[in-house]
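> Below are the structure tokens for one structure; questions will follow.
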Amino acid sequence: MFLLNTGKNLDGSVFYSTINNPNVTFQSGSHDDVRIQFLDNGRLPNIQDTTPRAIEDGWPVFGLSHDLGEISRPTSPIVFSIGHVRDPAIEYTLPGGKTQQRSLYFWSHFSTVADVISFFLEDYPFAFSRAQRFDAKVNRDAGTISADYAGIVALSMRQAIGATEITISKTSHGAWNTSDVLVFLKVDAIFPTWPVFLYLNPALGKYLLEGIFRYQANDLHPQNWSVRDLGVLRPARSGALLDRWTQTLINDSLFPGYQLSTDDSFIGHLANQTNLAIKGIIGIKAMSQISHIIGDEKKSGRYSVGQL
């Protein structure tokens with residue numbers, strides 16, 4: 001479990017599937033054998049290649065075929081699914097250094113991978129309809145800025161949600177604890193994706209931040225700034241924690257030091273990054289508003305722009 005290679009998960013299983021019926025055939029084997037079989041016969045022989053080997057050895061593939069017969073008009077959609085399942089999905093560090101294995105939220109509704117796949121395939125027409133309504137709403141809302149902006153937002157929605165993992169733990173009796181929800185995302189990506197969570201469901205933002213607060217409130221990351229990632233496996237009293245972070249922003253935001261930012265994959269370490277200075281200003285003002293909400297007007301005034 002929890003194996004990585006150059007930042008990519010090696011654990012888990014991939015499932016390639018389609019709804020079964022008498023017109024569906026399959027074959028696994030060498031890519032040449034499977035493709036030639038289909039080209040010559042229009043169907044596959046329902047046989048499996050059960051010899052495990054390296055990918056370069058004969059390039060094994062798995063084929064699924066739907067026989068549509070003679071086509072004289074558009075047919076109903078043929079649905080295929082490709083899914084990657086890891087369970088547990090996250091190993092989360094608890095106070096005292098103990099670890100907790102967390103699973104993806106959907107397991108609270110399904111018992112087996114087969115159940116998940118069956119629901120996914122059968123739900124396609126309904127999911128497609130929901131997706132169309134959602135896309136129309138996003139396009140309508142973002143389109144008030146411009147058509148180009150609407151296209152960028154539509155793509156950003158998929159990237160933001162696709163990068164998150166919504167997890168739950170188990171109780172001491174082994175039952176799913178659906179009241180213990182934590183959402184995981186690369187920490188330095190939270191800022192640019194935050195508008196997505198506010199737009200879709202602000203509760204997701206709460207679950208996203210809670211994992212960080214729990215982790216850091218117990219001195220698992222004894223620094224005056226936020227942890228950058230919750231461990232290489234991706235798998236913290238919040239008021240005092242946020243106040244401590246704000247002090248760092250006050251000291252360091254005007255002239256950000258030599259460091260990474262969200263764009264580190266492209267530009268690496270840099271000093272005096274304008275985007276970090278802007279984020280620092282926003283963070284300090286946000287702490288002013290938080291202090292006002294909880295009734296600490298002294299800190300609220302201190303963190304306001306006019307008092308810094």
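Going by the structure tokens order, chains are called A, B, ..., each with residues numbered from 1, while ligands are numbered from 1 in the order shown.
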Please identify the alpha helix (DSSP H) residues within range 7-87 of chain A (assignment by DSSP from backbone atoms) and present them as a PyMOL selection string.
chain A and resi 31-41
> Could you save the residues just selected, with C-alpha atoms, as a compact mmCIF listing (two decimals), in the first residue's frame?

```txt
# COMPACT_ATOMS: atom_id res chain seq x y z
CA HIS A 31 -2.04 -5.99 -28.75
CA ASP A 32 -1.44 -7.43 -32.21
CA ASP A 33 -3.47 -10.59 -31.52
CA VAL A 34 -6.44 -8.74 -30.06
CA ARG A 35 -6.63 -6.10 -32.77
CA ILE A 36 -6.21 -8.56 -35.63
CA GLN A 37 -8.91 -10.78 -34.10
CA PHE A 38 -11.35 -7.88 -34.07
CA LEU A 39 -10.46 -6.64 -37.55
CA ASP A 40 -10.85 -10.11 -39.06
CA ASN A 41 -14.03 -11.15 -37.25
```
> For Lys279 in chain A, work out the shell of residues within 9 Å, counting only C-alpha atoms and skipping chain neighbours fewer than 4 positions away, then give it as a list in words.
Phe191, Leu249, Ser253, Thr274, Asn275, Gly283 and Ile284 of chain A
> Would you save the residues of that selection, restricted to C-alpha atoms, as a PDB file, in the first residue's frame?

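Below you can see part02.pdb, which holds the result:
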```pdb
ATOM      1  CA  PHE A 191      -5.870  29.031  -2.862  1.00  0.00           C
ATOM      2  CA  LEU A 249       2.402  36.833   6.632  1.00  0.00           C
ATOM      3  CA  SER A 253       4.618  39.113   2.647  1.00  0.00           C
ATOM      4  CA  THR A 274       4.111  39.145  -6.658  1.00  0.00           C
ATOM      5  CA  ASN A 275       1.436  36.454  -6.375  1.00  0.00           C
ATOM      6  CA  GLY A 283      -4.620  36.411   4.188  1.00  0.00           C
ATOM      7  CA  ILE A 284      -3.940  39.188   6.691  1.00  0.00           C
TER       8      ILE A 284
END
```
> Can you measure CA of Trp176 in chain A to CA of His84 in chain A for me? One decimal in Å is fine.
20.9 Å
> Taking only residues of range 91-208 of chain A that have an atom at most 8 Å from an atom of range 6-21 of chain A, what is each one's shortest atom pair and its distance in Å to one decimal, using only C-alpha atoms, in chain and number order, as JSON lines?

```
{"residue": "A:Ile117", "atom": "CA", "partner": "A:Ser17", "partner_atom": "CA", "distance": 7.5}
{"residue": "A:Ser118", "atom": "CA", "partner": "A:Ile19", "partner_atom": "CA", "distance": 7.7}
{"residue": "A:Leu121", "atom": "CA", "partner": "A:Ile19", "partner_atom": "CA", "distance": 6.7}
{"residue": "A:Glu122", "atom": "CA", "partner": "A:Ile19", "partner_atom": "CA", "distance": 8.0}
```
> Restricted to N, CA and C atoms, what would the selected residues look like written as a PDB file, in the first residue's frame?

```
ATOM      1  N   ILE A 117     -19.139  -0.175 -10.154  1.00  0.00           N
ATOM      2  CA  ILE A 117     -19.125  -0.150 -11.615  1.00  0.00           C
ATOM      3  C   ILE A 117     -20.538  -0.257 -12.178  1.00  0.00           C
ATOM      4  N   SER A 118     -21.344  -1.141 -11.614  1.00  0.00           N
ATOM      5  CA  SER A 118     -22.718  -1.310 -12.105  1.00  0.00           C
ATOM      6  C   SER A 118     -23.509  -0.017 -11.964  1.00  0.00           C
ATOM      7  N   LEU A 121     -22.200   2.643 -14.583  1.00  0.00           N
ATOM      8  CA  LEU A 121     -22.634   2.408 -15.961  1.00  0.00           C
ATOM      9  C   LEU A 121     -24.133   2.650 -16.125  1.00  0.00           C
ATOM     10  N   GLU A 122     -24.912   2.179 -15.187  1.00  0.00           N
ATOM     11  CA  GLU A 122     -26.366   2.319 -15.297  1.00  0.00           C
ATOM     12  C   GLU A 122     -26.821   3.755 -15.057  1.00  0.00           C
TER      13      GLU A 122
END
```
> Between CA of Phe120 in chain A and CA of Trp107 in chain A, measure the distance and give it in Å to one decimal.
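Between CA of Phe120 in chain A and CA of Trp107 in chain A the gap is 13.3 Å.
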> Would you kindly return, as a list of chain:residue names, each protein, DNA or RNA residue with an atom no farther than 9 Å from any atom of range 201-214 of chain A, considering only C-alpha atoms and excluding same-chain residues fewer than 4 positions away?
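That gives A:Tyr92, A:Leu94, A:Pro95, A:Thr164, A:Ile166, A:Asp180, A:Val181, A:Leu182, A:Val183, A:Phe184, A:Leu185, A:Val187, A:Ile190, A:Trp194, A:Val196, A:Phe197, A:Asn218, A:Ser226, A:Val227, A:Asp229, A:Leu230, A:Ala236, A:Arg237, A:Ser238, A:Leu241, A:Leu242.
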> Which residue is closest to Ile278 in chain A? Choose from A:Gly301, A:Leu254, A:Thr193, A:Ser179 and count only C-alpha atoms.
A:Leu254
> Env of Gly257 in chain A: 9 Å cut, atoms = only C-alpha atoms, seq-sep filter 5 positions within chain, self excluded. Answer as a PyMOL selection string.
chain A and resi 252+270-273
> Would you mind reading off the distance between CA of Gly42 in chain A and CA of Pro125 in chain A, one decimal, in Å?
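CA of Pro125 in chain A lies at a distance of 26.9 Å from CA of Gly42 in chain A.
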> Do you know which residues are at most 8 Å from Pro60 in chain A counting only C-alpha atoms, after dropping those on the same chain fewer than 6 positions away, and could you put them as an MDAnalysis selection string?
chainID A and resid 28:31
> Among range 12-252 of chain A, which ones does DSSP assign to strand (DSSP E) (computed from the backbone)? Answer as a PyMOL selection string.
chain A and resi 13-18+24-30+60-66+80-85+90-93+99-104+165-170+176-184
